[in-house]
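Peer 1: Before we start, here is the structure in question, set down as structure tokens.
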Amino acid sequence: MTKLALVGKSISHSLSPSIYKEFDPAIEYFLLDYFDEASLPSLRDIFETYELTGLSITAPFKKSFLSQIDCIEGGYGEAINAVRMQNNRFIGFNSDYLALKNIFQMCQNEMSARKVVVLGNGVMAQLVMSILREMKLDFSLLKRDSKGLNQKIANLSLPTFFINCTARTFLLEESLPEKSIFYDLNYAMPEQ
């Protein structure tokens with residue numbers, strides 16, 4: 001039997017168990033919810049305790065296991081979102097990097113015709129900006145801070161390609177400039 005798990009904070013909402021069950025009903029999937037980095041067990045302890053085949057990692061722990069990784073594959077070594085053990089070694093991946101690079105390449109015409117704005121300043125925003133730099137696309141960054149992200153969006157007037165890297169709790173409250181595109185990295189968000 002394949003056993004997989006997701007490590008994160010406040011992840012009871014995760015659709016990963018049902019997505020993997022739909023893919024293969026024989027998969028056993030665990031949600032491993034930790035309060036902070038200090039409460040995280042080692043990768044070895046997690047893999048051995050749950051007899052895992054693979055591990056997914058989400059916020060805020062995408063950088064937490066880097067020192068325990070023997071090899072990183074996937075083109076972006078600043079953070080990982082998946083780990084497998086092979087020959088008693090931990091191999092880290094960033095499937096977000098691979099998927100987003102592919103998606104952004106398919107959207108390059110739409111992005112080039114608009115102002116590109118990255119929303120947020122966490123690990124995913126850093127990854128997105130790395131890809132945009134590789135693609136030589138100009139962009140700007142709007143961070144969540146005391147001035148309010150919605151107010152910053154309201155002040156934009158040009159057609160914009162927004163890439164939302166904020167937490168799933170961010171709700172867009174403003175109208176977007178005409179002919180804008182809002183690409184949200186959060187999946188299965190409730191309708192606003």
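Following the order of the structure tokens, first chain is A, next is B, and so on, with residues numbered from 1 inside each chain and ligands from 1 in the order they appear.
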Give me, as a short mmCIF file (atom, residue, chain, number, x, y, z; two decimals) with N, CA and C atoms, in the first residue's frame, the residues of stretch 2-191 of chain A that a backbone DSSP run labels strand (DSSP E).
Peer 2:
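Output saved as result-v4.cif:
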data_model
loop_
_atom_site.label_atom_id
_atom_site.label_comp_id
_atom_site.auth_asym_id
_atom_site.auth_seq_id
_atom_site.Cartn_x
_atom_site.Cartn_y
_atom_site.Cartn_z
N LYS A 3 1.65 4.91 1.06
CA LYS A 3 1.32 5.80 2.17
C LYS A 3 1.98 7.15 1.92
N LEU A 4 1.16 8.20 1.95
CA LEU A 4 1.62 9.55 1.71
C LEU A 4 1.14 10.45 2.85
N ALA A 5 1.76 11.62 2.97
CA ALA A 5 1.34 12.56 4.02
C ALA A 5 1.60 13.98 3.55
N LEU A 6 0.90 14.90 4.20
CA LEU A 6 1.10 16.33 4.00
C LEU A 6 1.46 16.93 5.34
N VAL A 7 2.57 17.69 5.39
CA VAL A 7 2.99 18.42 6.58
C VAL A 7 2.66 19.89 6.37
N GLY A 8 2.03 20.50 7.36
CA GLY A 8 1.72 21.92 7.29
C GLY A 8 1.15 22.41 8.60
N GLU A 28 -3.13 5.49 1.23
CA GLU A 28 -3.43 5.95 2.58
C GLU A 28 -2.74 7.30 2.74
N TYR A 29 -3.49 8.32 3.17
CA TYR A 29 -2.98 9.69 3.20
C TYR A 29 -3.19 10.29 4.58
N PHE A 30 -2.12 10.85 5.15
CA PHE A 30 -2.15 11.43 6.49
C PHE A 30 -1.97 12.95 6.41
N LEU A 31 -2.72 13.69 7.21
CA LEU A 31 -2.49 15.12 7.38
C LEU A 31 -1.72 15.29 8.68
N LEU A 32 -0.52 15.85 8.61
CA LEU A 32 0.34 16.04 9.77
C LEU A 32 0.43 17.53 10.07
N ASP A 33 -0.37 17.96 11.01
CA ASP A 33 -0.53 19.37 11.33
C ASP A 33 0.36 19.74 12.51
N GLY A 54 6.04 8.85 0.28
CA GLY A 54 6.35 10.23 -0.07
C GLY A 54 5.69 11.20 0.87
N LEU A 55 6.20 12.43 0.88
CA LEU A 55 5.72 13.46 1.78
C LEU A 55 5.56 14.76 1.01
N SER A 56 4.40 15.39 1.17
CA SER A 56 4.19 16.74 0.64
C SER A 56 4.36 17.73 1.78
N ILE A 57 4.80 18.94 1.44
CA ILE A 57 5.06 19.96 2.45
C ILE A 57 4.38 21.25 1.99
N CYS A 71 19.54 15.64 -1.65
CA CYS A 71 19.58 16.05 -3.06
C CYS A 71 18.27 16.75 -3.38
N ILE A 72 18.36 17.87 -4.11
CA ILE A 72 17.15 18.58 -4.55
C ILE A 72 17.05 18.48 -6.05
N GLU A 73 15.90 18.06 -6.52
CA GLU A 73 15.61 17.99 -7.95
C GLU A 73 14.45 18.92 -8.23
N ALA A 82 7.92 18.57 -1.73
CA ALA A 82 7.75 17.12 -1.79
C ALA A 82 9.09 16.44 -1.48
N VAL A 83 9.00 15.28 -0.81
CA VAL A 83 10.19 14.52 -0.44
C VAL A 83 9.89 13.04 -0.64
N ARG A 84 10.88 12.34 -1.13
CA ARG A 84 10.81 10.86 -1.15
C ARG A 84 12.12 10.34 -0.60
N MET A 85 12.08 9.12 -0.10
CA MET A 85 13.30 8.50 0.39
C MET A 85 13.70 7.42 -0.62
N GLN A 86 14.95 7.48 -1.03
CA GLN A 86 15.47 6.52 -1.99
C GLN A 86 16.86 6.09 -1.52
N ARG A 89 18.26 7.87 1.41
CA ARG A 89 18.57 9.28 1.21
C ARG A 89 17.27 10.03 0.93
N PHE A 90 17.21 11.29 1.37
CA PHE A 90 16.03 12.10 1.13
C PHE A 90 16.23 12.97 -0.11
N ILE A 91 15.30 12.82 -1.06
CA ILE A 91 15.33 13.58 -2.31
C ILE A 91 14.20 14.61 -2.22
N GLY A 92 14.53 15.89 -2.33
CA GLY A 92 13.54 16.95 -2.29
C GLY A 92 13.21 17.44 -3.68
N PHE A 93 11.97 17.90 -3.85
CA PHE A 93 11.48 18.40 -5.13
C PHE A 93 10.73 19.70 -4.89
N LYS A 115 0.54 44.41 -17.43
CA LYS A 115 1.44 44.61 -16.29
C LYS A 115 1.33 43.35 -15.43
N VAL A 116 2.44 42.77 -15.00
CA VAL A 116 2.43 41.57 -14.17
C VAL A 116 2.67 42.00 -12.71
N VAL A 117 1.77 41.56 -11.83
CA VAL A 117 1.86 41.91 -10.42
C VAL A 117 1.76 40.64 -9.60
N VAL A 118 2.76 40.41 -8.74
CA VAL A 118 2.77 39.29 -7.81
C VAL A 118 2.22 39.80 -6.49
N LEU A 119 1.22 39.09 -5.95
CA LEU A 119 0.62 39.45 -4.68
C LEU A 119 1.15 38.53 -3.59
N SER A 140 5.96 43.55 -10.83
CA SER A 140 6.08 44.28 -9.57
C SER A 140 5.47 43.41 -8.48
N LEU A 141 5.80 43.73 -7.25
CA LEU A 141 5.37 42.95 -6.10
C LEU A 141 4.51 43.83 -5.20
N LEU A 142 3.35 43.33 -4.82
CA LEU A 142 2.52 43.99 -3.83
C LEU A 142 2.43 43.08 -2.62
N THR A 160 -3.87 44.17 -16.01
CA THR A 160 -2.85 43.53 -15.17
C THR A 160 -3.03 42.03 -15.13
N PHE A 161 -1.93 41.30 -15.11
CA PHE A 161 -1.93 39.86 -14.88
C PHE A 161 -1.50 39.68 -13.43
N PHE A 162 -2.48 39.45 -12.55
CA PHE A 162 -2.19 39.25 -11.13
C PHE A 162 -1.86 37.79 -10.87
N ILE A 163 -0.86 37.54 -10.05
CA ILE A 163 -0.54 36.19 -9.61
C ILE A 163 -0.66 36.21 -8.08
N ASN A 164 -1.73 35.60 -7.57
CA ASN A 164 -2.01 35.64 -6.14
C ASN A 164 -1.24 34.55 -5.41
N ILE A 181 -6.32 39.78 -15.63
CA ILE A 181 -6.43 38.35 -15.33
C ILE A 181 -5.95 38.15 -13.90
N PHE A 182 -6.69 37.35 -13.15
CA PHE A 182 -6.33 37.06 -11.76
C PHE A 182 -6.05 35.57 -11.66
N TYR A 183 -4.77 35.20 -11.56
CA TYR A 183 -4.35 33.80 -11.46
C TYR A 183 -4.08 33.50 -9.99
N ASP A 184 -4.89 32.63 -9.41
CA ASP A 184 -4.83 32.35 -7.98
C ASP A 184 -4.13 31.01 -7.75
#
Peer 1: Give the alpha helix (DSSP H) residues of stretch 4-162 of chain A, as assigned by DSSP on the backbone, as a short mmCIF file (atom, residue, chain, number, x, y, z; two decimals) with N, CA and C atoms, in the first residue's frame.
Peer 2:
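Saved result, states18.cif, follows:
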data_model
loop_
_atom_site.label_atom_id
_atom_site.label_comp_id
_atom_site.auth_asym_id
_atom_site.auth_seq_id
_atom_site.Cartn_x
_atom_site.Cartn_y
_atom_site.Cartn_z
N SER A 16 -6.02 17.35 -0.36
CA SER A 16 -5.06 16.32 -0.80
C SER A 16 -5.52 14.90 -0.54
N PRO A 17 -6.03 14.56 0.66
CA PRO A 17 -6.46 13.17 0.87
C PRO A 17 -7.51 12.72 -0.14
N SER A 18 -8.51 13.56 -0.40
CA SER A 18 -9.56 13.15 -1.34
C SER A 18 -9.06 13.13 -2.78
N ILE A 19 -8.15 14.04 -3.13
CA ILE A 19 -7.58 14.04 -4.49
C ILE A 19 -6.80 12.76 -4.74
N TYR A 20 -5.96 12.39 -3.77
CA TYR A 20 -5.16 11.17 -3.94
C TYR A 20 -6.04 9.92 -3.91
N LYS A 21 -7.08 9.91 -3.07
CA LYS A 21 -8.01 8.76 -3.03
C LYS A 21 -8.72 8.60 -4.36
N GLU A 22 -9.07 9.72 -4.98
CA GLU A 22 -9.72 9.67 -6.28
C GLU A 22 -8.77 9.10 -7.33
N PHE A 23 -7.51 9.47 -7.23
CA PHE A 23 -6.48 8.98 -8.15
C PHE A 23 -6.25 7.49 -7.96
N LEU A 43 12.64 14.45 9.31
CA LEU A 43 12.13 13.72 8.15
C LEU A 43 12.19 12.21 8.39
N ARG A 44 13.30 11.76 8.93
CA ARG A 44 13.46 10.33 9.19
C ARG A 44 12.36 9.82 10.12
N ASP A 45 12.08 10.57 11.20
CA ASP A 45 11.02 10.16 12.13
C ASP A 45 9.66 10.12 11.44
N ILE A 46 9.37 11.11 10.61
CA ILE A 46 8.08 11.13 9.91
C ILE A 46 7.97 9.94 8.97
N PHE A 47 8.99 9.72 8.15
CA PHE A 47 8.95 8.60 7.20
C PHE A 47 8.83 7.26 7.91
N GLU A 48 9.57 7.08 9.00
CA GLU A 48 9.54 5.80 9.71
C GLU A 48 8.24 5.61 10.48
N THR A 49 7.75 6.64 11.15
CA THR A 49 6.52 6.52 11.94
C THR A 49 5.33 6.15 11.07
N TYR A 50 5.21 6.78 9.91
CA TYR A 50 4.05 6.56 9.05
C TYR A 50 4.34 5.61 7.89
N SER A 95 7.67 20.66 -6.99
CA SER A 95 6.75 20.45 -8.11
C SER A 95 6.02 21.75 -8.44
N ASP A 96 5.89 22.66 -7.47
CA ASP A 96 5.28 23.97 -7.75
C ASP A 96 6.10 24.69 -8.82
N TYR A 97 7.41 24.65 -8.68
CA TYR A 97 8.29 25.31 -9.64
C TYR A 97 8.07 24.73 -11.05
N LEU A 98 8.09 23.43 -11.15
CA LEU A 98 7.95 22.79 -12.47
C LEU A 98 6.59 23.11 -13.09
N ALA A 99 5.53 23.01 -12.30
CA ALA A 99 4.18 23.25 -12.83
C ALA A 99 3.99 24.72 -13.21
N LEU A 100 4.40 25.62 -12.32
CA LEU A 100 4.20 27.05 -12.60
C LEU A 100 5.04 27.52 -13.78
N LYS A 101 6.23 27.01 -13.92
CA LYS A 101 7.05 27.40 -15.07
C LYS A 101 6.35 27.00 -16.37
N ASN A 102 5.80 25.80 -16.38
CA ASN A 102 5.07 25.33 -17.56
C ASN A 102 3.84 26.20 -17.82
N ILE A 103 3.06 26.48 -16.78
CA ILE A 103 1.85 27.30 -16.92
C ILE A 103 2.20 28.70 -17.39
N PHE A 104 3.21 29.31 -16.79
CA PHE A 104 3.58 30.68 -17.17
C PHE A 104 4.09 30.74 -18.60
N GLN A 105 4.77 29.70 -19.05
CA GLN A 105 5.22 29.67 -20.44
C GLN A 105 4.01 29.62 -21.37
N MET A 106 2.96 28.89 -20.98
CA MET A 106 1.74 28.84 -21.80
C MET A 106 1.00 30.18 -21.77
N GLN A 108 2.51 33.17 -21.51
CA GLN A 108 3.48 34.24 -21.74
C GLN A 108 2.91 35.37 -22.59
N ASN A 109 2.10 35.08 -23.60
CA ASN A 109 1.52 36.15 -24.42
C ASN A 109 0.60 37.04 -23.60
N GLU A 110 -0.25 36.42 -22.77
CA GLU A 110 -1.16 37.20 -21.92
C GLU A 110 -0.38 38.03 -20.90
N MET A 111 0.70 37.46 -20.38
CA MET A 111 1.51 38.18 -19.40
C MET A 111 2.25 39.34 -20.05
N SER A 112 2.77 39.13 -21.24
CA SER A 112 3.54 40.16 -21.94
C SER A 112 2.65 41.34 -22.34
N VAL A 123 7.04 32.24 0.53
CA VAL A 123 7.84 31.32 -0.28
C VAL A 123 7.30 31.20 -1.70
N MET A 124 5.98 31.11 -1.86
CA MET A 124 5.43 30.98 -3.21
C MET A 124 5.68 32.23 -4.04
N ALA A 125 5.58 33.40 -3.43
CA ALA A 125 5.87 34.64 -4.16
C ALA A 125 7.34 34.65 -4.61
N GLN A 126 8.24 34.19 -3.74
CA GLN A 126 9.66 34.13 -4.11
C GLN A 126 9.88 33.18 -5.28
N LEU A 127 9.20 32.05 -5.26
CA LEU A 127 9.31 31.07 -6.34
C LEU A 127 8.78 31.66 -7.64
N VAL A 128 7.60 32.29 -7.59
CA VAL A 128 7.00 32.90 -8.78
C VAL A 128 7.92 33.97 -9.36
N MET A 129 8.48 34.81 -8.50
CA MET A 129 9.37 35.86 -8.99
C MET A 129 10.63 35.27 -9.62
N SER A 130 11.13 34.17 -9.09
CA SER A 130 12.28 33.50 -9.68
C SER A 130 11.97 33.03 -11.11
N ILE A 131 10.78 32.46 -11.29
CA ILE A 131 10.39 32.00 -12.62
C ILE A 131 10.22 33.18 -13.57
N LEU A 132 9.58 34.25 -13.11
CA LEU A 132 9.39 35.43 -13.96
C LEU A 132 10.73 36.04 -14.37
N ARG A 133 11.70 36.03 -13.46
CA ARG A 133 13.04 36.53 -13.80
C ARG A 133 13.68 35.63 -14.87
N GLU A 134 13.55 34.31 -14.70
CA GLU A 134 14.09 33.38 -15.71
C GLU A 134 13.47 33.63 -17.07
N LEU A 149 -3.61 45.27 1.02
CA LEU A 149 -3.42 44.79 -0.35
C LEU A 149 -4.58 45.18 -1.25
N ASN A 150 -5.81 45.11 -0.75
CA ASN A 150 -6.96 45.48 -1.57
C ASN A 150 -6.89 46.94 -2.01
N GLN A 151 -6.44 47.81 -1.13
CA GLN A 151 -6.32 49.23 -1.49
C GLN A 151 -5.27 49.41 -2.58
N LYS A 152 -4.16 48.68 -2.48
CA LYS A 152 -3.11 48.77 -3.50
C LYS A 152 -3.64 48.30 -4.86
N ILE A 153 -4.45 47.24 -4.86
CA ILE A 153 -5.04 46.74 -6.10
C ILE A 153 -5.99 47.77 -6.68
N ALA A 154 -6.78 48.42 -5.82
CA ALA A 154 -7.75 49.43 -6.26
C ALA A 154 -7.06 50.60 -6.95
#
Peer 1: Tell me, in Å to one decimal, how far atom CA of A:Gly122 is from atom CA of A:Leu172.
Peer 2: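 For atom CA of A:Gly122 relative to atom CA of A:Leu172, the distance reads 17.8 Å.
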Peer 1: Let me make sure I understand: among A:Ser39, A:Asn155, A:Thr2, A:Ser10, which one has the smallest atom-to-atom distance to A:Arg168 if we use only C-alpha atoms?
Peer 2: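 Closest residue, counting only C-alpha atoms: A:Ser10.
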Peer 1: Taking into account only C-alpha atoms, which residue in the set A:Leu15, A:Ala59, A:Met135, A:Leu171 is nearest to A:Gly148?
Peer 2: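 Closest candidate: A:Leu171.
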Peer 1: In Å, with one decimal, what is the gap from atom CA of A:Glu174 to atom CA of A:His13?
Peer 2: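 Interatomic distance, atom CA of A:Glu174 to atom CA of A:His13: 25.5 Å.
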Peer 1: Between A:Ser42, A:Asn87, A:Asp36, A:Ile80, which has the minimum distance to A:Gln68 (counting only C-alpha atoms)?
Peer 2: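 Checking each candidate against A:Gln68, we get A:Ser42 as the closest.
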